[in-house]
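The file start_36.csv comes next; it holds CSV, C-alpha atoms.
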```
chain,number,residue,atom,x,y,z
A,23,MET,CA,139.8,114.1,100.5
A,24,SER,CA,140.5,110.5,99.4
A,25,VAL,CA,139.9,107.4,101.6
A,26,LYS,CA,143.6,106.6,101.6
A,27,LYS,CA,144.5,110.1,102.9
A,28,HIS,CA,141.8,109.8,105.6
A,29,ALA,CA,143.2,106.4,106.6
A,30,ARG,CA,146.7,107.9,107.0
A,31,ARG,CA,145.2,110.6,109.3
A,32,LEU,CA,143.7,107.9,111.5
A,33,VAL,CA,147.0,106.1,112.1
A,34,LEU,CA,148.4,108.4,114.9
A,35,PRO,CA,145.2,108.8,117.0
A,36,ALA,CA,144.5,105.1,116.7
A,37,LEU,CA,148.1,104.3,117.9
A,38,ALA,CA,147.7,106.8,120.8
A,39,LEU,CA,144.5,105.2,121.8
A,40,THR,CA,145.8,101.7,121.6
A,41,LEU,CA,148.9,102.6,123.6
A,42,SER,CA,146.9,104.3,126.3
A,43,VAL,CA,144.5,101.3,126.5
A,44,GLY,CA,147.4,98.9,126.5
A,45,LEU,CA,149.3,100.7,129.3
A,46,GLY,CA,146.0,100.9,131.3
A,47,LEU,CA,145.6,97.2,131.1
A,48,GLY,CA,149.2,96.8,132.2
A,49,VAL,CA,148.4,98.8,135.3
A,50,ALA,CA,145.2,96.9,136.0
A,51,HIS,CA,147.1,93.6,135.8
A,52,PRO,CA,150.6,93.2,137.2
A,53,VAL,CA,152.3,93.4,133.8
A,54,LEU,CA,154.3,96.6,134.4
A,55,PRO,CA,156.8,97.0,137.2
A,56,GLU,CA,155.1,97.3,140.5
A,57,PHE,CA,156.5,100.7,141.3
A,58,ILE,CA,155.1,102.1,138.0
A,59,ALA,CA,151.7,100.4,138.4
A,60,ALA,CA,151.3,101.7,141.9
A,61,ASN,CA,152.1,105.3,140.9
A,62,GLU,CA,148.8,107.3,141.2
A,63,ASN,CA,150.0,110.1,138.9
A,64,PHE,CA,150.9,107.6,136.2
A,65,THR,CA,147.4,106.2,136.5
A,66,LEU,CA,145.8,109.6,136.1
A,67,PHE,CA,148.1,110.3,133.2
A,68,LEU,CA,147.0,107.2,131.4
A,69,ARG,CA,143.3,108.0,131.9
A,70,ALA,CA,143.9,111.5,130.6
A,71,ALA,CA,145.8,110.1,127.6
A,72,PHE,CA,142.8,107.8,126.9
A,73,TYR,CA,140.3,110.7,127.0
A,74,PHE,CA,142.3,112.9,124.6
A,75,SER,CA,143.3,110.1,122.2
A,76,ALA,CA,139.7,109.0,122.1
A,77,ALA,CA,138.6,112.5,121.3
A,78,TRP,CA,141.3,112.8,118.7
A,79,LEU,CA,140.3,109.6,116.9
A,80,VAL,CA,136.5,110.3,117.0
A,81,SER,CA,137.1,113.8,115.6
A,82,ARG,CA,139.0,112.4,112.7
A,83,LEU,CA,136.3,109.8,112.0
A,84,LEU,CA,133.6,112.4,112.1
A,85,ALA,CA,135.7,114.7,109.8
A,86,MET,CA,136.0,111.7,107.3
A,87,ALA,CA,132.2,111.2,107.5
A,88,LEU,CA,131.5,114.9,106.8
A,89,ASP,CA,133.9,114.9,103.8
A,90,ARG,CA,132.2,111.9,102.3
A,91,ALA,CA,128.7,113.2,103.0
A,92,GLY,CA,129.6,116.6,101.4
A,93,ALA,CA,131.4,115.3,98.3
A,94,LYS,CA,129.3,117.6,96.0
A,95,ARG,CA,128.7,120.5,98.4
A,96,PRO,CA,131.5,120.4,101.0
A,97,TYR,CA,130.8,121.3,104.6
A,98,PRO,CA,132.7,124.3,106.0
A,99,ARG,CA,136.0,123.6,107.8
A,100,LEU,CA,134.5,125.5,110.8
A,101,LEU,CA,132.0,122.7,111.3
A,102,LYS,CA,134.8,120.1,111.6
A,103,ASP,CA,136.7,122.4,113.9
A,104,LEU,CA,133.6,122.8,116.1
A,105,VAL,CA,133.2,119.0,116.4
A,106,SER,CA,136.9,118.6,117.3
A,107,ALA,CA,136.7,121.5,119.8
A,108,PHE,CA,133.6,120.0,121.5
A,109,LEU,CA,135.2,116.6,121.8
A,110,PHE,CA,138.4,118.0,123.2
A,111,MET,CA,136.5,120.1,125.7
A,112,ILE,CA,134.8,117.0,127.0
A,113,ALA,CA,138.2,115.3,127.3
A,114,PHE,CA,139.6,118.4,129.0
A,115,ALA,CA,136.7,118.6,131.5
A,116,ALA,CA,137.1,114.9,132.3
A,117,THR,CA,140.8,115.3,132.9
A,118,ALA,CA,140.3,118.4,135.0
A,119,SER,CA,137.9,116.6,137.2
A,120,LEU,CA,140.5,113.9,137.8
A,121,TYR,CA,143.3,116.3,138.8
A,122,MET,CA,141.2,118.8,140.7
A,123,GLY,CA,139.1,116.2,142.6
A,124,GLN,CA,135.8,117.7,141.6
A,125,GLY,CA,133.0,116.7,139.2
A,126,ALA,CA,133.0,117.5,135.6
A,127,ILE,CA,130.2,120.0,136.1
A,128,GLY,CA,132.3,122.1,138.4
A,129,ALA,CA,135.2,122.1,136.0
A,130,VAL,CA,133.0,123.2,133.1
A,131,ALA,CA,131.5,125.9,135.3
A,132,GLY,CA,134.9,127.3,136.1
A,133,SER,CA,135.9,127.3,132.5
A,134,THR,CA,132.7,129.0,131.5
A,135,LEU,CA,133.3,131.9,134.0
A,136,ILE,CA,136.8,132.5,132.5
A,137,LEU,CA,135.4,132.4,129.0
A,138,ALA,CA,132.7,135.0,130.0
A,139,LEU,CA,135.3,137.4,131.3
A,140,LEU,CA,137.4,137.0,128.2
A,141,GLY,CA,134.3,137.4,126.0
A,142,PHE,CA,133.5,140.8,127.6
A,143,ALA,CA,137.0,142.0,126.8
A,144,ILE,CA,136.9,140.9,123.2
A,145,ARG,CA,133.2,141.0,122.5
A,146,ASN,CA,133.6,142.0,118.8
A,147,VAL,CA,135.8,138.9,118.2
A,148,VAL,CA,133.3,136.8,120.2
A,149,ALA,CA,130.4,138.2,118.1
A,150,ASP,CA,132.2,137.2,114.9
A,151,THR,CA,133.1,133.8,116.3
A,152,LEU,CA,129.6,133.0,117.5
A,153,SER,CA,128.1,134.2,114.2
A,154,GLY,CA,130.5,131.8,112.4
A,155,ILE,CA,129.4,129.0,114.7
A,156,ALA,CA,125.7,129.8,113.8
A,157,LEU,CA,126.5,129.9,110.1
A,158,ALA,CA,128.3,126.5,110.4
A,159,ILE,CA,125.4,124.9,112.3
A,160,GLU,CA,122.5,126.4,110.2
A,161,GLY,CA,124.4,126.0,106.9
A,162,PRO,CA,122.7,128.7,104.7
A,163,PHE,CA,125.6,128.1,102.3
A,164,ARG,CA,128.6,125.8,101.8
A,165,ILE,CA,132.0,126.0,100.2
A,166,GLY,CA,131.6,126.5,96.5
A,167,ASP,CA,128.1,128.1,96.7
A,168,TRP,CA,127.4,131.3,94.9
A,169,ILE,CA,125.6,133.7,97.3
A,170,ASP,CA,124.3,137.2,97.4
A,171,ILE,CA,124.7,138.9,100.8
A,172,ASP,CA,122.2,141.8,100.8
A,173,THR,CA,123.9,145.2,100.8
A,174,LEU,CA,127.3,143.6,101.3
A,175,ALA,CA,128.6,141.4,98.5
A,176,GLN,CA,128.0,138.7,95.9
A,177,GLY,CA,130.4,135.9,95.2
A,178,LYS,CA,131.4,132.3,95.7
A,179,ALA,CA,132.1,131.0,99.2
A,180,ILE,CA,135.7,130.0,99.4
A,181,GLU,CA,136.2,129.6,103.1
A,182,ILE,CA,134.1,129.9,106.2
A,183,GLY,CA,136.4,130.5,109.2
A,184,TRP,CA,135.9,131.2,112.9
A,185,ARG,CA,135.8,135.0,112.5
A,186,THR,CA,135.5,135.7,108.7
A,187,THR,CA,134.1,134.3,105.5
A,188,ARG,CA,136.0,134.6,102.2
A,189,LEU,CA,134.2,135.2,99.0
A,190,GLN,CA,135.5,135.2,95.4
A,191,THR,CA,133.6,137.6,93.1
A,192,GLN,CA,133.0,137.1,89.4
A,193,ASP,CA,135.9,139.5,88.8
A,194,ALA,CA,138.2,137.0,90.5
A,195,THR,CA,138.8,139.2,93.6
A,196,TYR,CA,138.6,138.2,97.2
A,197,LEU,CA,136.3,139.7,99.8
A,198,ILE,CA,136.8,139.0,103.5
A,199,LEU,CA,133.7,139.7,105.5
A,200,PRO,CA,133.2,139.4,109.3
A,201,ASN,CA,130.7,136.7,110.2
A,202,SER,CA,128.7,139.0,112.4
A,203,GLN,CA,127.9,141.3,109.5
A,204,ILE,CA,126.9,138.3,107.3
A,205,ALA,CA,124.6,136.9,110.0
A,206,ARG,CA,122.6,140.1,110.1
A,207,GLN,CA,121.9,140.3,106.4
A,208,ARG,CA,119.5,138.4,104.1
A,209,ILE,CA,121.4,135.7,102.2
A,210,THR,CA,120.4,134.4,98.7
A,211,ASN,CA,121.9,131.1,97.8
A,212,TYR,CA,122.0,130.6,94.0
A,213,SER,CA,123.6,127.1,94.3
A,214,ALA,CA,121.0,125.5,96.6
A,215,PRO,CA,119.1,123.3,96.6
A,216,LYS,CA,120.4,122.8,93.1
A,217,ARG,CA,123.0,124.5,90.9
A,218,GLU,CA,120.5,125.6,88.3
A,219,PHE,CA,118.1,128.5,88.9
A,220,ARG,CA,115.5,130.4,87.0
A,221,ALA,CA,116.3,134.0,85.8
A,222,GLN,CA,114.1,136.4,83.9
A,223,ILE,CA,114.2,139.5,81.8
A,224,GLN,CA,111.6,142.0,80.7
A,225,ILE,CA,111.0,143.3,77.2
A,226,THR,CA,108.4,145.7,75.7
A,227,LEU,CA,107.0,145.3,72.2
A,228,ASP,CA,104.6,147.3,70.1
A,229,HIS,CA,100.8,146.6,70.1
A,230,VAL,CA,100.8,145.9,66.4
A,231,LEU,CA,102.5,142.5,67.1
A,232,PRO,CA,99.9,140.1,68.5
A,233,ILE,CA,100.7,138.4,71.8
A,234,GLU,CA,100.6,134.9,70.6
A,235,LYS,CA,102.8,135.7,67.6
A,236,ALA,CA,105.3,137.6,69.7
A,237,ARG,CA,105.4,134.6,72.1
A,238,ALA,CA,106.0,132.1,69.3
A,239,ILE,CA,108.8,134.2,67.8
A,240,MET,CA,110.6,134.6,71.1
A,241,LEU,CA,110.2,131.0,72.1
A,242,LYS,CA,111.6,129.8,68.8
A,243,ALA,CA,114.5,132.1,69.2
A,244,LEU,CA,115.2,130.7,72.7
A,245,SER,CA,115.1,127.1,71.5
A,246,GLU,CA,118.3,127.9,69.5
A,247,SER,CA,120.2,128.9,72.7
A,248,LYS,CA,123.3,127.0,73.5
A,249,LEU,CA,123.8,128.3,77.1
A,250,ILE,CA,120.4,128.2,78.8
A,251,GLN,CA,118.7,125.0,79.8
A,252,GLN,CA,116.0,123.6,77.5
A,253,GLU,CA,114.6,121.3,80.3
A,254,PRO,CA,112.7,122.8,82.0
A,255,ALA,CA,111.8,124.8,79.0
A,256,PRO,CA,111.8,128.6,79.0
A,257,ASP,CA,108.5,130.4,79.0
A,258,ILE,CA,107.0,133.8,78.4
A,259,ARG,CA,104.3,135.7,80.4
A,260,VAL,CA,102.6,139.0,79.6
A,261,ARG,CA,103.7,141.4,82.3
A,262,SER,CA,101.6,144.4,81.5
A,263,TYR,CA,99.4,145.9,78.7
A,264,GLU,CA,99.9,149.6,78.6
A,265,GLU,CA,99.8,152.6,76.3
A,266,GLY,CA,103.5,152.4,75.6
A,267,GLY,CA,103.4,148.8,74.6
A,268,ILE,CA,103.0,145.2,75.7
A,269,SER,CA,105.6,144.1,78.3
A,270,TYR,CA,106.7,140.5,78.5
A,271,THR,CA,108.6,138.5,81.1
A,272,ILE,CA,110.9,135.9,79.6
A,273,ARG,CA,111.8,133.2,82.1
A,274,TYR,CA,114.6,130.7,81.5
A,275,TRP,CA,116.9,128.4,83.5
A,276,VAL,CA,120.6,129.1,84.0
A,277,PRO,CA,122.8,126.0,84.6
A,278,ARG,CA,125.2,127.7,87.0
A,279,PHE,CA,125.3,131.1,88.6
A,280,GLU,CA,128.6,132.0,87.0
A,281,ARG,CA,127.0,131.6,83.5
A,282,GLY,CA,124.2,134.0,84.3
A,283,VAL,CA,125.7,137.1,82.5
A,284,ASP,CA,126.5,135.1,79.4
A,285,CYS,CA,123.0,133.5,79.4
A,286,ARG,CA,121.3,136.9,79.7
A,287,ASP,CA,123.4,138.3,76.9
A,288,GLU,CA,122.6,135.4,74.6
A,289,VAL,CA,118.9,135.6,75.4
A,290,TYR,CA,118.7,139.3,74.5
A,291,SER,CA,120.7,138.7,71.3
A,292,LEU,CA,118.6,135.9,70.1
A,293,ILE,CA,115.3,137.7,70.8
A,294,ASP,CA,116.6,140.9,69.2
A,295,ASP,CA,117.6,139.1,66.0
A,296,ALA,CA,114.4,137.2,65.8
A,297,LEU,CA,112.2,140.3,66.2
A,298,ARG,CA,114.2,142.2,63.7
A,299,ARG,CA,113.8,139.4,61.1
A,300,ALA,CA,110.1,139.3,61.9
A,301,GLY,CA,109.9,143.1,61.2
A,302,SER,CA,109.0,144.1,64.7
A,303,ILE,CA,111.0,146.1,67.2
A,304,ALA,CA,110.4,147.9,70.5
A,305,PRO,CA,107.9,150.8,70.3
A,306,TYR,CA,109.6,154.0,69.1
A,307,ARG,CA,109.9,156.8,71.6
A,308,ARG,CA,110.7,160.3,70.3
A,309,ILE,CA,113.6,162.1,72.0
A,310,GLN,CA,113.2,165.9,71.8
A,311,LEU,CA,116.0,168.4,72.2
A,312,VAL,CA,115.3,170.8,74.9
A,313,ASN,CA,117.1,174.2,75.6
A,314,ALA,CA,119.4,174.1,72.6
A,315,GLY,CA,122.7,175.9,73.2
A,316,PRO,CA,123.6,179.1,71.4
A,317,SER,CA,126.0,177.3,69.0
A,318,LEU,CA,123.2,175.1,67.7
A,319,VAL,CA,121.0,178.2,67.2
A,320,ALA,CA,123.8,180.0,65.3
A,321,ASP,CA,124.3,176.9,63.1
A,322,THR,CA,120.6,176.8,62.1
A,323,ALA,CA,120.7,180.5,61.3
A,324,HIS,CA,123.4,180.0,58.6
A,325,ASP,CA,123.8,177.8,55.6
A,326,PRO,CA,126.7,175.3,55.3
A,327,SER,CA,128.7,177.9,53.3
A,328,GLY,CA,128.6,180.4,56.2
A,329,SER,CA,126.2,182.8,54.6
A,330,GLU,CA,123.1,183.9,56.5
A,331,ALA,CA,119.8,182.2,55.8
A,332,SER,CA,117.1,184.2,54.1
```
Go through the file and emit its structure as structure tokens.
Amino acid sequence: MSVKKHARRLVLPALALTLSVGLGLGVAHPVLPEFIAANENFTLFLRAAFYFSAAWLVSRLLAMALDRAGAKRPYPRLLKDLVSAFLFMIAFAATASLYMGQGAIGAVAGSTLILALLGFAIRNVVADTLSGIALAIEGPFRIGDWIDIDTLAQGKAIEIGWRTTRLQTQDATYLILPNSQIARQRITNYSAPKREFRAQIQITLDHVLPIEKARAIMLKALSESKLIQQEPAPDIRVRSYEEGGISYTIRYWVPRFERGVDCRDEVYSLIDDALRRAGSIAPYRRIQLVNAGPSLVADTAHDPSGSEAS
């Protein structure tokens, strides 16, 4: 959000705070008519207006600070809502203490009892909401991050709400998941701490191709890539040395998660082309036909013209 737009959002709460302070000063000093200044309810109203307008202004200022701090990786809207809710709860408790003639602690205690009764009645909603608060505070992912929620889904975080989180998959479809389910799963964030991440593939080659030569061929092929990052440079490690061949692990850096499939396709294509030009392919494995059907047996018993074989 631009600075100009934030400034416009600060106008109304700043005016409300200025007006409440100005009227309060008018009550403290004999500026307003005496019958208004002496009205106790009017004085309480001004103090309540001061509390709420101050909470309104501070919440807008903190939202502006969060937007500027999260310019590259925006903070979830839920975090801003939590800050605003906390400030308004303080203002409400202070106002309640004024009108009910009791301390702020007593007002908060009464509100907590009511919330506990409501929470028991709607415990599933409360579980989702509390999980959303935990996700907003811990921040395992932010808006725009590509994440993998174990056993649930994989996609880009679009919105983190009070009850649900919206993801957009690579197929451009929306997934809406309850926050309580997300909080119980392992989360892999492919966009943090940086957008780029390292991926890897495995490939098995015949023993006749020496390891150093195979590594040189594949590294040269990867240097021609247009999608993967060349800094840090890709590398190749021997994974296993077995009877069926030598297995290699090719590790390379992907600039963004959404390019992962294209990068993998390019890596396989470049390596396949380089190995074929070098005259080496994956070890051959014979495929035997087991339990041939009767039609195949009949075909082998006759020649192509239909006469029986001698």
Given all atoms listed in the file as the counted atoms, nearest of A:Tyr212, A:Ile198, A:Val260, A:Ala115 to Phe163 (chain A):
A:Tyr212
Tell me which of A:Ala149, A:Leu227, A:Arg278, A:Thr65 sits closest to Asp167 (chain A), counting all atoms listed in the file.
A:Arg278
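When CA of Ser213 (chain A) is paired with CA of Trp168 (chain A), their separation reads 5.7 Å.
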Which residue out of A:Ile250, A:Leu84, A:Val230, A:Ile169 has the minimum interatomic distance to Glu265 (chain A) when all atoms listed in the file are used?
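Between A:Ile250, A:Leu84, A:Val230, A:Ile169, the residue approaching Glu265 (chain A) most closely is A:Val230.
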Could you tell me which of A:Glu160, A:Arg208, A:Ile225, A:Ala296 comes closest to Ala238 (chain A) if we count only C-alpha atoms?
A:Ala296
Of the residues A:Val147, A:Ala205, A:Met86, A:Met111, which is the one nearest to Asp172 (chain A), using only C-alpha atoms?
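For Asp172 (chain A), the nearest of the candidates is A:Ala205.
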Write out as a PyMOL selection string which residues come within 12 Å of region 298-301 of chain A when counting only C-alpha atoms, dropping same-chain ones fewer than 5 positions away.
chain A and resi 227-228+230-231+235-236+238-240+242-243+291-293
Please indicate the distance in Å from CA of Gln252 (chain A) to CA of Ile233 (chain A), rounded to one decimal place.
22.0 Å
Find the residues around Tyr73 (chain A) up to 9 Å (only C-alpha atoms counted), leave out those fewer than 3 positions away in its own chain, and share them as a list in words.
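What passes the distance filter is Leu39, Leu68, Arg69, Ala70, Ala76, Ala77, Trp78, Phe110, Ile112, Ala113, Phe114, Ala116 and Thr117 of chain A.
Of note, CA of Asp295 (chain A) and CA of Arg281 (chain A) are spaced 21.2 Å apart.
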Quick one: of A:Pro277, A:Gln176, A:Thr226, A:Glu288, who's nearest to Tyr263 (chain A), counting only C-alpha atoms?
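Closest residue, counting only C-alpha atoms: A:Thr226.
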What would the list of residues within 12 Å of (137.1, 135.2, 93.6) (file frame) look like as a VMD selection string, if all atoms listed in the file are what count?
chain A and resid 166 to 168 175 to 181 188 to 198 280
